[in-house]
file final.cif (mmCIF, C-alpha atoms)
data_upload
#
loop_
_atom_site.label_atom_id
_atom_site.label_comp_id
_atom_site.auth_asym_id
_atom_site.auth_seq_id
_atom_site.Cartn_x
_atom_site.Cartn_y
_atom_site.Cartn_z
CA MET A 1 -10.28 15.27 -66.65
CA VAL A 2 -10.73 11.76 -65.36
CA ALA A 3 -11.48 13.15 -61.92
CA ASN A 4 -14.86 14.59 -63.00
CA LYS A 5 -16.23 11.17 -63.93
CA TYR A 6 -14.91 9.86 -60.64
CA LYS A 7 -16.54 12.71 -58.75
CA GLU A 8 -19.89 11.63 -60.18
CA SER A 9 -19.29 8.09 -58.92
CA VAL A 10 -18.45 9.35 -55.44
CA VAL A 11 -21.54 11.57 -55.33
CA LYS A 12 -23.66 8.57 -56.37
CA LEU A 13 -22.03 6.39 -53.71
CA ILE A 14 -22.78 8.97 -51.01
CA GLU A 15 -26.24 10.05 -52.12
CA GLU A 16 -27.61 6.70 -53.25
CA VAL A 17 -25.75 3.96 -51.38
CA TRP A 18 -24.84 5.57 -48.06
CA SER A 19 -27.76 8.03 -47.75
CA LYS A 20 -30.56 5.88 -49.19
CA GLY A 21 -29.28 2.33 -48.79
CA ASN A 22 -29.54 1.65 -52.53
CA LEU A 23 -27.30 -1.43 -52.55
CA SER A 24 -28.04 -2.28 -56.18
CA LEU A 25 -25.45 0.33 -57.18
CA VAL A 26 -22.59 -1.37 -55.33
CA THR A 27 -21.66 -3.56 -58.30
CA GLU A 28 -21.57 -0.55 -60.64
CA LEU A 29 -19.52 1.71 -58.36
CA ILE A 30 -17.30 -0.46 -56.20
CA ALA A 31 -14.29 -2.60 -57.15
CA VAL A 32 -14.47 -6.32 -56.45
CA GLN A 33 -11.70 -5.79 -53.92
CA TYR A 34 -12.25 -2.66 -51.83
CA LYS A 35 -9.56 -1.77 -49.30
CA ILE A 36 -10.16 0.34 -46.19
CA LEU A 37 -6.73 1.93 -46.01
CA HIS A 38 -7.34 4.01 -42.90
CA ASP A 39 -10.53 4.62 -40.94
CA PRO A 40 -9.97 4.70 -37.15
CA GLY A 41 -12.87 3.14 -35.27
CA ASP A 42 -14.19 1.26 -38.29
CA PRO A 43 -14.30 -2.49 -37.58
CA TRP A 44 -13.21 -3.18 -41.18
CA GLU A 45 -10.15 -0.91 -41.05
CA SER A 46 -7.21 -2.28 -43.09
CA LYS A 47 -9.41 -5.07 -44.49
CA VAL A 48 -10.22 -5.84 -48.11
CA LEU A 49 -13.99 -6.14 -48.72
CA ASP A 50 -15.77 -7.92 -51.54
CA HIS A 51 -19.17 -6.67 -52.71
CA GLU A 52 -21.10 -8.69 -50.13
CA GLU A 53 -18.93 -7.41 -47.29
CA PHE A 54 -19.22 -3.86 -48.60
CA LYS A 55 -23.01 -4.20 -48.55
CA LYS A 56 -22.89 -5.63 -45.02
CA ARG A 57 -20.93 -2.55 -43.89
CA VAL A 58 -23.61 -0.24 -45.31
CA ILE A 59 -26.43 -2.35 -43.86
CA LEU A 60 -24.84 -2.36 -40.39
CA SER A 61 -24.37 1.40 -40.44
CA ARG A 62 -27.95 1.95 -41.58
CA SER A 63 -29.28 -0.46 -38.93
CA VAL A 64 -27.79 1.83 -36.27
CA PHE A 65 -28.83 5.07 -38.03
CA PRO A 66 -31.80 4.12 -40.31
CA ASP A 67 -32.31 7.76 -41.37
CA GLN A 68 -28.63 8.43 -41.98
CA ALA A 69 -27.93 10.99 -44.66
CA PHE A 70 -24.69 12.51 -45.90
CA VAL A 71 -24.28 16.02 -47.24
CA ILE A 72 -21.13 16.70 -49.25
CA ASN A 73 -19.55 19.99 -48.24
CA ASP A 74 -16.76 20.13 -50.84
CA ILE A 75 -15.02 17.92 -53.37
CA VAL A 76 -11.45 17.88 -54.68
CA GLY A 77 -10.52 15.52 -57.52
CA GLU A 78 -7.24 14.68 -59.20
CA GLU A 79 -6.49 11.72 -61.45
CA ASN A 80 -7.75 8.62 -59.64
CA LYS A 81 -8.43 10.34 -56.30
CA VAL A 82 -11.49 12.19 -55.04
CA THR A 83 -11.59 13.93 -51.65
CA ILE A 84 -14.86 14.91 -50.04
CA SER A 85 -15.58 16.83 -46.86
CA TRP A 86 -19.01 15.93 -45.51
CA PHE A 87 -21.52 15.85 -42.67
CA MET A 88 -23.51 12.80 -41.63
CA THR A 89 -26.79 13.17 -39.79
CA GLY A 90 -28.81 10.37 -38.27
CA THR A 91 -30.83 9.12 -35.33
CA GLN A 92 -29.31 6.26 -33.35
CA LYS A 93 -32.35 4.00 -33.45
CA GLY A 94 -30.41 0.73 -33.46
CA ASP A 95 -27.99 -0.83 -31.00
CA ILE A 96 -24.27 -0.63 -31.64
CA PRO A 97 -23.60 -4.29 -30.79
CA GLY A 98 -21.66 -4.70 -27.56
CA ILE A 99 -21.15 -0.95 -27.22
CA LEU A 100 -24.35 1.05 -26.91
CA GLN A 101 -28.06 0.36 -26.91
CA ALA A 102 -30.32 2.53 -29.03
CA THR A 103 -30.44 6.06 -27.60
CA ASN A 104 -32.72 7.67 -30.20
CA LYS A 105 -30.27 10.57 -30.17
CA PHE A 106 -29.86 12.67 -33.30
CA VAL A 107 -26.24 13.28 -34.28
CA ARG A 108 -24.42 15.41 -36.85
CA ILE A 109 -20.83 14.32 -37.49
CA PRO A 110 -18.20 15.72 -39.85
CA GLY A 111 -15.88 13.58 -41.93
CA LEU A 112 -13.21 13.76 -44.61
CA THR A 113 -12.53 10.97 -47.08
CA ILE A 114 -10.12 10.37 -49.93
CA TYR A 115 -11.54 7.79 -52.36
CA TYR A 116 -9.19 5.91 -54.72
CA PHE A 117 -10.17 4.47 -58.10
CA THR A 118 -8.82 1.43 -59.94
CA ASP A 119 -10.15 0.56 -63.43
CA ASP A 120 -12.92 3.18 -63.04
CA LYS A 121 -14.29 1.69 -59.81
CA ILE A 122 -13.90 2.94 -56.26
CA SER A 123 -11.31 0.59 -54.80
CA ALA A 124 -10.19 2.13 -51.49
CA HIS A 125 -10.62 4.93 -49.02
CA TRP A 126 -8.59 6.82 -46.39
CA GLN A 127 -10.97 8.47 -43.95
CA LEU A 128 -11.42 10.34 -40.73
CA VAL A 129 -14.74 10.73 -38.95
CA ASP A 130 -14.86 13.03 -35.93
CA ARG A 131 -15.28 10.12 -33.53
CA LEU A 132 -14.96 12.34 -30.47
CA SER A 133 -17.94 14.36 -31.61
CA LEU A 134 -19.90 11.15 -32.23
CA ILE A 135 -19.35 9.68 -28.78
CA GLU A 136 -19.99 13.09 -27.18
CA GLN A 137 -23.29 13.42 -29.00
CA LEU A 138 -24.25 9.87 -28.04
CA GLY A 139 -23.48 10.65 -24.37
CA MET A 140 -20.66 8.10 -24.16
CA LEU A 141 -17.84 10.43 -23.18
CA LYS A 142 -16.26 11.05 -19.83
CA LYS A 143 -13.02 12.99 -20.01
CA SER A 144 -10.64 12.80 -17.09
CA LYS A 145 -7.96 15.32 -16.24
CA MET B 146 -1.93 22.80 -63.44
CA VAL B 147 -2.22 25.50 -60.79
CA ALA B 148 -2.60 22.82 -58.15
CA ASN B 149 1.04 21.68 -58.49
CA LYS B 150 2.39 25.07 -57.43
CA TYR B 151 -0.07 25.06 -54.58
CA LYS B 152 0.99 21.57 -53.54
CA GLU B 153 4.53 22.87 -53.16
CA SER B 154 3.27 25.65 -50.89
CA VAL B 155 1.37 23.17 -48.73
CA VAL B 156 4.38 20.87 -48.45
CA LYS B 157 6.50 23.86 -47.41
CA LEU B 158 3.89 24.92 -44.84
CA ILE B 159 3.85 21.43 -43.33
CA GLU B 160 7.55 20.63 -43.48
CA GLU B 161 8.98 24.03 -42.63
CA VAL B 162 6.39 25.94 -40.60
CA TRP B 163 4.50 23.21 -38.74
CA SER B 164 7.30 20.62 -38.45
CA LYS B 165 10.26 22.94 -37.84
CA GLY B 166 8.68 26.13 -36.51
CA ASN B 167 10.17 28.23 -39.33
CA LEU B 168 7.85 31.20 -38.89
CA SER B 169 9.74 33.37 -41.38
CA LEU B 170 7.85 31.59 -44.17
CA VAL B 171 4.41 32.60 -42.92
CA THR B 172 4.40 35.86 -44.90
CA GLU B 173 5.34 34.05 -48.11
CA LEU B 174 2.82 31.24 -47.78
CA ILE B 175 -0.17 32.53 -45.85
CA ALA B 176 -2.81 35.09 -46.86
CA VAL B 177 -3.18 38.20 -44.71
CA GLN B 178 -6.59 36.91 -43.73
CA TYR B 179 -6.57 33.18 -43.03
CA LYS B 180 -9.89 31.54 -42.17
CA ILE B 181 -10.26 28.34 -40.17
CA LEU B 182 -13.41 27.08 -41.84
CA HIS B 183 -13.77 23.89 -39.82
CA ASP B 184 -11.43 22.31 -37.29
CA PRO B 185 -13.25 20.77 -34.30
CA GLY B 186 -11.33 21.24 -31.07
CA ASP B 187 -9.17 24.06 -32.43
CA PRO B 188 -9.59 27.20 -30.29
CA TRP B 189 -9.42 29.35 -33.46
CA GLU B 190 -12.16 27.44 -35.30
CA SER B 191 -14.30 29.72 -37.50
CA LYS B 192 -11.98 32.68 -36.82
CA VAL B 193 -10.00 34.76 -39.31
CA LEU B 194 -6.29 34.99 -38.39
CA ASP B 195 -3.78 37.61 -39.45
CA HIS B 196 -0.10 36.66 -39.77
CA GLU B 197 0.65 37.33 -36.11
CA GLU B 198 -2.26 35.20 -34.96
CA PHE B 199 -1.27 32.47 -37.39
CA LYS B 200 2.24 32.46 -35.89
CA LYS B 201 0.78 32.36 -32.37
CA ARG B 202 -1.22 29.27 -33.32
CA VAL B 203 1.96 27.52 -34.52
CA ILE B 204 3.93 28.64 -31.45
CA LEU B 205 1.23 27.39 -29.07
CA SER B 206 1.10 24.01 -30.78
CA ARG B 207 4.88 23.70 -30.72
CA SER B 208 5.02 24.74 -27.05
CA VAL B 209 2.87 21.69 -26.21
CA PHE B 210 4.71 19.36 -28.64
CA PRO B 211 8.19 20.90 -29.18
CA ASP B 212 9.31 17.98 -31.35
CA GLN B 213 6.15 17.88 -33.40
CA ALA B 214 6.60 16.65 -36.96
CA PHE B 215 4.13 16.02 -39.72
CA VAL B 216 4.46 13.39 -42.42
CA ILE B 217 2.28 13.79 -45.47
CA ASN B 218 0.69 10.50 -46.48
CA ASP B 219 -1.00 11.61 -49.72
CA ILE B 220 -1.91 14.77 -51.58
CA VAL B 221 -4.81 15.60 -53.92
CA GLY B 222 -4.84 18.96 -55.70
CA GLU B 223 -7.39 20.65 -57.94
CA GLU B 224 -7.53 24.30 -58.93
CA ASN B 225 -7.22 26.32 -55.72
CA LYS B 226 -7.62 23.36 -53.34
CA VAL B 227 -5.07 20.93 -51.94
CA THR B 228 -6.01 17.98 -49.73
CA ILE B 229 -3.43 16.19 -47.62
CA SER B 230 -3.73 13.14 -45.42
CA TRP B 231 -1.07 13.16 -42.74
CA PHE B 232 0.28 11.90 -39.42
CA MET B 233 1.56 14.13 -36.64
CA THR B 234 4.02 12.81 -34.08
CA GLY B 235 5.18 14.63 -30.98
CA THR B 236 5.94 14.41 -27.28
CA GLN B 237 3.62 16.36 -24.97
CA LYS B 238 6.32 18.24 -23.10
CA GLY B 239 4.25 21.38 -22.49
CA ASP B 240 1.02 22.00 -20.61
CA ILE B 241 -2.23 22.33 -22.54
CA PRO B 242 -3.41 25.41 -20.60
CA GLY B 243 -6.39 24.65 -18.37
CA ILE B 244 -6.70 21.13 -19.74
CA LEU B 245 -3.67 18.93 -19.16
CA GLN B 246 -0.26 19.28 -17.61
CA ALA B 247 2.78 17.97 -19.47
CA THR B 248 2.65 14.16 -19.63
CA ASN B 249 5.81 13.55 -21.69
CA LYS B 250 3.72 11.09 -23.67
CA PHE B 251 4.59 10.47 -27.31
CA VAL B 252 1.59 10.56 -29.64
CA ARG B 253 0.93 9.78 -33.29
CA ILE B 254 -2.27 11.29 -34.66
CA PRO B 255 -3.80 11.14 -38.14
CA GLY B 256 -5.41 14.11 -39.84
CA LEU B 257 -6.95 15.21 -43.12
CA THR B 258 -6.95 18.80 -44.34
CA ILE B 259 -8.26 20.67 -47.36
CA TYR B 260 -6.27 23.89 -47.89
CA TYR B 261 -7.78 26.72 -49.97
CA PHE B 262 -5.79 29.32 -51.92
CA THR B 263 -6.64 32.94 -52.72
CA ASP B 264 -4.25 35.01 -54.88
CA ASP B 265 -1.61 32.26 -54.64
CA LYS B 266 -1.56 32.24 -50.83
CA ILE B 267 -3.07 29.70 -48.46
CA SER B 268 -6.18 31.46 -47.17
CA ALA B 269 -8.26 28.82 -45.37
CA HIS B 270 -8.51 25.24 -44.24
CA TRP B 271 -11.17 22.63 -43.48
CA GLN B 272 -9.67 19.96 -41.24
CA LEU B 273 -10.23 16.92 -39.09
CA VAL B 274 -7.73 15.62 -36.58
CA ASP B 275 -8.50 12.30 -34.90
CA ARG B 276 -9.15 13.98 -31.55
CA LEU B 277 -10.36 10.76 -29.95
CA SER B 278 -7.02 9.14 -30.71
CA LEU B 279 -5.21 12.18 -29.27
CA ILE B 280 -7.03 12.18 -25.94
CA GLU B 281 -6.75 8.37 -25.72
CA GLN B 282 -3.00 8.54 -26.25
CA LEU B 283 -2.69 11.33 -23.68
CA GLY B 284 -4.63 9.21 -21.16
CA MET B 285 -7.54 11.65 -20.92
CA LEU B 286 -10.33 9.35 -22.00
CA LYS B 287 -12.93 7.53 -19.98
CA LYS B 288 -15.74 6.08 -22.01
CA SER B 289 -19.00 5.27 -20.26
CA LYS B 290 -21.68 2.92 -21.47
#

call {"tool": "encode", "arguments": {"input": "final.cif", "output": "structure tokens"}}
result
Amino acid sequence: MVANKYKESVVKLIEEVWSKGNLSLVTELIAVQYKILHDPGDPWESKVLDHEEFKKRVILSRSVFPDQAFVINDIVGEENKVTISWFMTGTQKGDIPGILQATNKFVRIPGLTIYYFTDDKISAHWQLVDRLSLIEQLGMLKKSK
Amino acid sequence: MVANKYKESVVKLIEEVWSKGNLSLVTELIAVQYKILHDPGDPWESKVLDHEEFKKRVILSRSVFPDQAFVINDIVGEENKVTISWFMTGTQKGDIPGILQATNKFVRIPGLTIYYFTDDKISAHWQLVDRLSLIEQLGMLKKSK
């Protein structure tokens, strides 16, 4: 059951790196080349990140939401793939550059991610975040008929 | 490998029921009580559907997008759970009641779904559709700063 070991890596990535900003684990968990296969709205979508760029992505996210925390709702693993459903909570204390100044609004956003492993490291993801919910909660949405 | 049998059921659900409107397969594939665990924007979210309500949900979707078709991008199965990443294409030829008249716009929307099985039937799902992309493509979005 390779997937169980990989599940542990994904849990560590979420709980330590994304939820606590523990960047020292990036080298252990993440492949030297990490591809964002699909992640609408993410500025790095379709790019390949090295460790420094991966860390920058975490730092940027945590500069906008310094208290961001992820709770894993469920996990499905097979071979070199691990899916998680999750909720992110955080307070938008930092500016989103060029888009939105700090609102101090608290948000709770669902997401679903498939992580892919190569040589026992997380090497890619295919993700959806409920972006509509995010911009609604940040007060950025005007729908027109 | 229970998951492989379940993968086949999910593929059939997507290719036959959702992409072709073949409602005769609902009884074979879907549990008598089908729960929508999480699906932001879906009018049935958090409800339990019987077969007739499940069919109504498919019919409503296909009345808005009569040519709707789903392509499965990847599939991850474990025990009684099957994740798929997918793209839906369709032309909005029908009204979305109370929200939007027919635009005849063609859309392509990504989604991620975890399906859950009980007694060999699909009994629940936890899903995200990229709703922001959908309303953008239908011309319904105005973002404010």

call {"tool": "calpha_fit_and_write", "arguments": {"input": "final.cif", "fixed": "chain A", "moving": "chain B", "output": "PDB file with C-alpha atoms, in the frame of the given file"}}
result
ATOM      1  CA  MET B 146     -10.276  15.316 -66.621  1.00  0.00           C
ATOM      2  CA  VAL B 147     -10.723  11.769 -65.349  1.00  0.00           C
ATOM      3  CA  ALA B 148     -11.488  13.136 -61.908  1.00  0.00           C
ATOM      4  CA  ASN B 149     -14.857  14.585 -63.008  1.00  0.00           C
ATOM      5  CA  LYS B 150     -16.232  11.165 -63.931  1.00  0.00           C
ATOM      6  CA  TYR B 151     -14.924   9.853 -60.653  1.00  0.00           C
ATOM      7  CA  LYS B 152     -16.540  12.707 -58.747  1.00  0.00           C
ATOM      8  CA  GLU B 153     -19.882  11.631 -60.175  1.00  0.00           C
ATOM      9  CA  SER B 154     -19.284   8.091 -58.919  1.00  0.00           C
ATOM     10  CA  VAL B 155     -18.447   9.353 -55.437  1.00  0.00           C
ATOM     11  CA  VAL B 156     -21.531  11.568 -55.328  1.00  0.00           C
ATOM     12  CA  LYS B 157     -23.648   8.579 -56.376  1.00  0.00           C
ATOM     13  CA  LEU B 158     -22.022   6.389 -53.711  1.00  0.00           C
ATOM     14  CA  ILE B 159     -22.773   8.973 -51.023  1.00  0.00           C
ATOM     15  CA  GLU B 160     -26.239  10.040 -52.119  1.00  0.00           C
ATOM     16  CA  GLU B 161     -27.615   6.701 -53.251  1.00  0.00           C
ATOM     17  CA  VAL B 162     -25.756   3.952 -51.390  1.00  0.00           C
ATOM     18  CA  TRP B 163     -24.842   5.563 -48.065  1.00  0.00           C
ATOM     19  CA  SER B 164     -27.755   8.023 -47.760  1.00  0.00           C
ATOM     20  CA  LYS B 165     -30.559   5.881 -49.198  1.00  0.00           C
ATOM     21  CA  GLY B 166     -29.304   2.317 -48.792  1.00  0.00           C
ATOM     22  CA  ASN B 167     -29.557   1.634 -52.541  1.00  0.00           C
ATOM     23  CA  LEU B 168     -27.318  -1.429 -52.546  1.00  0.00           C
ATOM     24  CA  SER B 169     -28.055  -2.277 -56.182  1.00  0.00           C
ATOM     25  CA  LEU B 170     -25.453   0.322 -57.181  1.00  0.00           C
ATOM     26  CA  VAL B 171     -22.596  -1.356 -55.327  1.00  0.00           C
ATOM     27  CA  THR B 172     -21.652  -3.546 -58.304  1.00  0.00           C
ATOM     28  CA  GLU B 173     -21.551  -0.541 -60.632  1.00  0.00           C
ATOM     29  CA  LEU B 174     -19.523   1.707 -58.355  1.00  0.00           C
ATOM     30  CA  ILE B 175     -17.302  -0.465 -56.192  1.00  0.00           C
ATOM     31  CA  ALA B 176     -14.291  -2.599 -57.152  1.00  0.00           C
ATOM     32  CA  VAL B 177     -14.458  -6.326 -56.440  1.00  0.00           C
ATOM     33  CA  GLN B 178     -11.709  -5.793 -53.907  1.00  0.00           C
ATOM     34  CA  TYR B 179     -12.252  -2.663 -51.832  1.00  0.00           C
ATOM     35  CA  LYS B 180      -9.572  -1.755 -49.294  1.00  0.00           C
ATOM     36  CA  ILE B 181     -10.163   0.343 -46.191  1.00  0.00           C
ATOM     37  CA  LEU B 182      -6.734   1.926 -46.010  1.00  0.00           C
ATOM     38  CA  HIS B 183      -7.341   4.008 -42.898  1.00  0.00           C
ATOM     39  CA  ASP B 184     -10.526   4.617 -40.935  1.00  0.00           C
ATOM     40  CA  PRO B 185      -9.981   4.695 -37.151  1.00  0.00           C
ATOM     41  CA  GLY B 186     -12.863   3.120 -35.266  1.00  0.00           C
ATOM     42  CA  ASP B 187     -14.196   1.247 -38.296  1.00  0.00           C
ATOM     43  CA  PRO B 188     -14.311  -2.508 -37.587  1.00  0.00           C
ATOM     44  CA  TRP B 189     -13.205  -3.195 -41.193  1.00  0.00           C
ATOM     45  CA  GLU B 190     -10.149  -0.920 -41.039  1.00  0.00           C
ATOM     46  CA  SER B 191      -7.212  -2.285 -43.071  1.00  0.00           C
ATOM     47  CA  LYS B 192      -9.393  -5.088 -44.482  1.00  0.00           C
ATOM     48  CA  VAL B 193     -10.221  -5.847 -48.113  1.00  0.00           C
ATOM     49  CA  LEU B 194     -13.991  -6.148 -48.715  1.00  0.00           C
ATOM     50  CA  ASP B 195     -15.770  -7.931 -51.533  1.00  0.00           C
ATOM     51  CA  HIS B 196     -19.170  -6.661 -52.705  1.00  0.00           C
ATOM     52  CA  GLU B 197     -21.093  -8.678 -50.128  1.00  0.00           C
ATOM     53  CA  GLU B 198     -18.934  -7.408 -47.291  1.00  0.00           C
ATOM     54  CA  PHE B 199     -19.220  -3.869 -48.607  1.00  0.00           C
ATOM     55  CA  LYS B 200     -23.023  -4.196 -48.552  1.00  0.00           C
ATOM     56  CA  LYS B 201     -22.890  -5.619 -45.018  1.00  0.00           C
ATOM     57  CA  ARG B 202     -20.923  -2.565 -43.895  1.00  0.00           C
ATOM     58  CA  VAL B 203     -23.610  -0.250 -45.321  1.00  0.00           C
ATOM     59  CA  ILE B 204     -26.434  -2.351 -43.849  1.00  0.00           C
ATOM     60  CA  LEU B 205     -24.833  -2.361 -40.391  1.00  0.00           C
ATOM     61  CA  SER B 206     -24.372   1.401 -40.448  1.00  0.00           C
ATOM     62  CA  ARG B 207     -27.949   1.943 -41.589  1.00  0.00           C
ATOM     63  CA  SER B 208     -29.277  -0.462 -38.939  1.00  0.00           C
ATOM     64  CA  VAL B 209     -27.790   1.829 -36.261  1.00  0.00           C
ATOM     65  CA  PHE B 210     -28.840   5.066 -38.033  1.00  0.00           C
ATOM     66  CA  PRO B 211     -31.789   4.134 -40.316  1.00  0.00           C
ATOM     67  CA  ASP B 212     -32.301   7.752 -41.382  1.00  0.00           C
ATOM     68  CA  GLN B 213     -28.643   8.426 -41.982  1.00  0.00           C
ATOM     69  CA  ALA B 214     -27.919  11.004 -44.668  1.00  0.00           C
ATOM     70  CA  PHE B 215     -24.698  12.497 -45.900  1.00  0.00           C
ATOM     71  CA  VAL B 216     -24.266  16.003 -47.256  1.00  0.00           C
ATOM     72  CA  ILE B 217     -21.138  16.692 -49.245  1.00  0.00           C
ATOM     73  CA  ASN B 218     -19.550  19.983 -48.236  1.00  0.00           C
ATOM     74  CA  ASP B 219     -16.760  20.135 -50.840  1.00  0.00           C
ATOM     75  CA  ILE B 220     -15.024  17.922 -53.362  1.00  0.00           C
ATOM     76  CA  VAL B 221     -11.438  17.881 -54.670  1.00  0.00           C
ATOM     77  CA  GLY B 222     -10.537  15.518 -57.510  1.00  0.00           C
ATOM     78  CA  GLU B 223      -7.248  14.678 -59.198  1.00  0.00           C
ATOM     79  CA  GLU B 224      -6.497  11.727 -61.446  1.00  0.00           C
ATOM     80  CA  ASN B 225      -7.751   8.623 -59.636  1.00  0.00           C
ATOM     81  CA  LYS B 226      -8.428  10.348 -56.296  1.00  0.00           C
ATOM     82  CA  VAL B 227     -11.481  12.200 -55.026  1.00  0.00           C
ATOM     83  CA  THR B 228     -11.593  13.944 -51.647  1.00  0.00           C
ATOM     84  CA  ILE B 229     -14.873  14.930 -50.040  1.00  0.00           C
ATOM     85  CA  SER B 230     -15.588  16.817 -46.853  1.00  0.00           C
ATOM     86  CA  TRP B 231     -19.004  15.928 -45.512  1.00  0.00           C
ATOM     87  CA  PHE B 232     -21.515  15.855 -42.662  1.00  0.00           C
ATOM     88  CA  MET B 233     -23.510  12.803 -41.638  1.00  0.00           C
ATOM     89  CA  THR B 234     -26.798  13.171 -39.795  1.00  0.00           C
ATOM     90  CA  GLY B 235     -28.823  10.357 -38.295  1.00  0.00           C
ATOM     91  CA  THR B 236     -30.836   9.139 -35.332  1.00  0.00           C
ATOM     92  CA  GLN B 237     -29.324   6.261 -33.344  1.00  0.00           C
ATOM     93  CA  LYS B 238     -32.356   3.999 -33.446  1.00  0.00           C
ATOM     94  CA  GLY B 239     -30.396   0.731 -33.461  1.00  0.00           C
ATOM     95  CA  ASP B 240     -27.984  -0.827 -30.990  1.00  0.00           C
ATOM     96  CA  ILE B 241     -24.251  -0.601 -31.629  1.00  0.00           C
ATOM     97  CA  PRO B 242     -23.590  -4.278 -30.801  1.00  0.00           C
ATOM     98  CA  GLY B 243     -21.638  -4.696 -27.570  1.00  0.00           C
ATOM     99  CA  ILE B 244     -21.138  -0.956 -27.220  1.00  0.00           C
ATOM    100  CA  LEU B 245     -24.337   1.049 -26.904  1.00  0.00           C
ATOM    101  CA  GLN B 246     -28.036   0.366 -26.914  1.00  0.00           C
ATOM    102  CA  ALA B 247     -30.330   2.532 -29.027  1.00  0.00           C
ATOM    103  CA  THR B 248     -30.440   6.068 -27.598  1.00  0.00           C
ATOM    104  CA  ASN B 249     -32.723   7.684 -30.201  1.00  0.00           C
ATOM    105  CA  LYS B 250     -30.267  10.566 -30.173  1.00  0.00           C
ATOM    106  CA  PHE B 251     -29.861  12.650 -33.316  1.00  0.00           C
ATOM    107  CA  VAL B 252     -26.241  13.274 -34.286  1.00  0.00           C
ATOM    108  CA  ARG B 253     -24.414  15.394 -36.842  1.00  0.00           C
ATOM    109  CA  ILE B 254     -20.833  14.322 -37.493  1.00  0.00           C
ATOM    110  CA  PRO B 255     -18.205  15.734 -39.854  1.00  0.00           C
ATOM    111  CA  GLY B 256     -15.885  13.578 -41.921  1.00  0.00           C
ATOM    112  CA  LEU B 257     -13.222  13.767 -44.607  1.00  0.00           C
ATOM    113  CA  THR B 258     -12.527  10.973 -47.074  1.00  0.00           C
ATOM    114  CA  ILE B 259     -10.112  10.372 -49.927  1.00  0.00           C
ATOM    115  CA  TYR B 260     -11.544   7.789 -52.354  1.00  0.00           C
ATOM    116  CA  TYR B 261      -9.196   5.920 -54.722  1.00  0.00           C
ATOM    117  CA  PHE B 262     -10.182   4.471 -58.106  1.00  0.00           C
ATOM    118  CA  THR B 263      -8.836   1.419 -59.934  1.00  0.00           C
ATOM    119  CA  ASP B 264     -10.163   0.568 -63.423  1.00  0.00           C
ATOM    120  CA  ASP B 265     -12.921   3.182 -63.041  1.00  0.00           C
ATOM    121  CA  LYS B 266     -14.294   1.684 -59.818  1.00  0.00           C
ATOM    122  CA  ILE B 267     -13.898   2.946 -56.268  1.00  0.00           C
ATOM    123  CA  SER B 268     -11.307   0.591 -54.794  1.00  0.00           C
ATOM    124  CA  ALA B 269     -10.188   2.129 -51.490  1.00  0.00           C
ATOM    125  CA  HIS B 270     -10.618   4.931 -49.016  1.00  0.00           C
ATOM    126  CA  TRP B 271      -8.593   6.815 -46.405  1.00  0.00           C
ATOM    127  CA  GLN B 272     -10.975   8.473 -43.961  1.00  0.00           C
ATOM    128  CA  LEU B 273     -11.429  10.351 -40.729  1.00  0.00           C
ATOM    129  CA  VAL B 274     -14.736  10.724 -38.951  1.00  0.00           C
ATOM    130  CA  ASP B 275     -14.851  13.030 -35.933  1.00  0.00           C
ATOM    131  CA  ARG B 276     -15.281  10.109 -33.535  1.00  0.00           C
ATOM    132  CA  LEU B 277     -14.950  12.322 -30.472  1.00  0.00           C
ATOM    133  CA  SER B 278     -17.929  14.356 -31.632  1.00  0.00           C
ATOM    134  CA  LEU B 279     -19.892  11.138 -32.253  1.00  0.00           C
ATOM    135  CA  ILE B 280     -19.349   9.673 -28.794  1.00  0.00           C
ATOM    136  CA  GLU B 281     -19.975  13.088 -27.185  1.00  0.00           C
ATOM    137  CA  GLN B 282     -23.282  13.424 -29.007  1.00  0.00           C
ATOM    138  CA  LEU B 283     -24.255   9.872 -28.047  1.00  0.00           C
ATOM    139  CA  GLY B 284     -23.478  10.659 -24.389  1.00  0.00           C
ATOM    140  CA  MET B 285     -20.658   8.116 -24.146  1.00  0.00           C
ATOM    141  CA  LEU B 286     -17.848  10.440 -23.175  1.00  0.00           C
ATOM    142  CA  LYS B 287     -16.258  11.103 -19.830  1.00  0.00           C
ATOM    143  CA  LYS B 288     -13.036  13.028 -19.997  1.00  0.00           C
ATOM    144  CA  SER B 289     -10.658  12.827 -17.055  1.00  0.00           C
ATOM    145  CA  LYS B 290      -7.910  15.257 -16.212  1.00  0.00           C
TER     146      LYS B 290
END

call {"tool": "closest_residue", "arguments": {"input": "final.cif", "among": "A:Phe54, A:Trp44, A:Phe65, A:Trp18", "to": "Ala102 in chain A", "atoms": "all atoms listed in the file"}}
result
A:Phe65

call {"tool": "resolve_selection", "arguments": {"input": "final.cif", "expression": "the PyMOL selection byres ((chain B) within 7 of (chain A))", "output": "list in words"}}
result
Val221, Gly222, Glu223, Lys226, Ile244, Leu245, Leu257, Leu273, Asp275, Arg276, Leu277, Met285, Leu286, Lys287, Lys288, Ser289 and Lys290 of chain B

call {"tool": "residues_around", "arguments": {"input": "final.cif", "residues": "range 154-159 of chain B", "least_positions_apart": "3", "cutoff": "10 Å", "atoms": "only C-alpha atoms", "output": "MDAnalysis selection string"}}
result
chainID B and resid 148:151 162:168 170:171 173:175 214:217 220 227:229 231 260:262 265:267

call {"tool": "closest_residue", "arguments": {"input": "final.cif", "among": "B:Lys192, B:Lys180, B:Lys238, B:Lys250", "to": "Pro211 in chain B", "atoms": "only C-alpha atoms"}}
result
B:Lys238

call {"tool": "atom_distance", "arguments": {"input": "final.cif", "atom1": "CA of Lys152 in chain B", "atom2": "CA of Ser123 in chain A"}}
result
24.4 Å

call {"tool": "residues_around", "arguments": {"input": "final.cif", "residues": "Gln178 in chain B", "least_positions_apart": "5", "cutoff": "9 Å", "atoms": "only C-alpha atoms", "output": "MDAnalysis selection string"}}
result
chainID B and resid 193:196 268:269
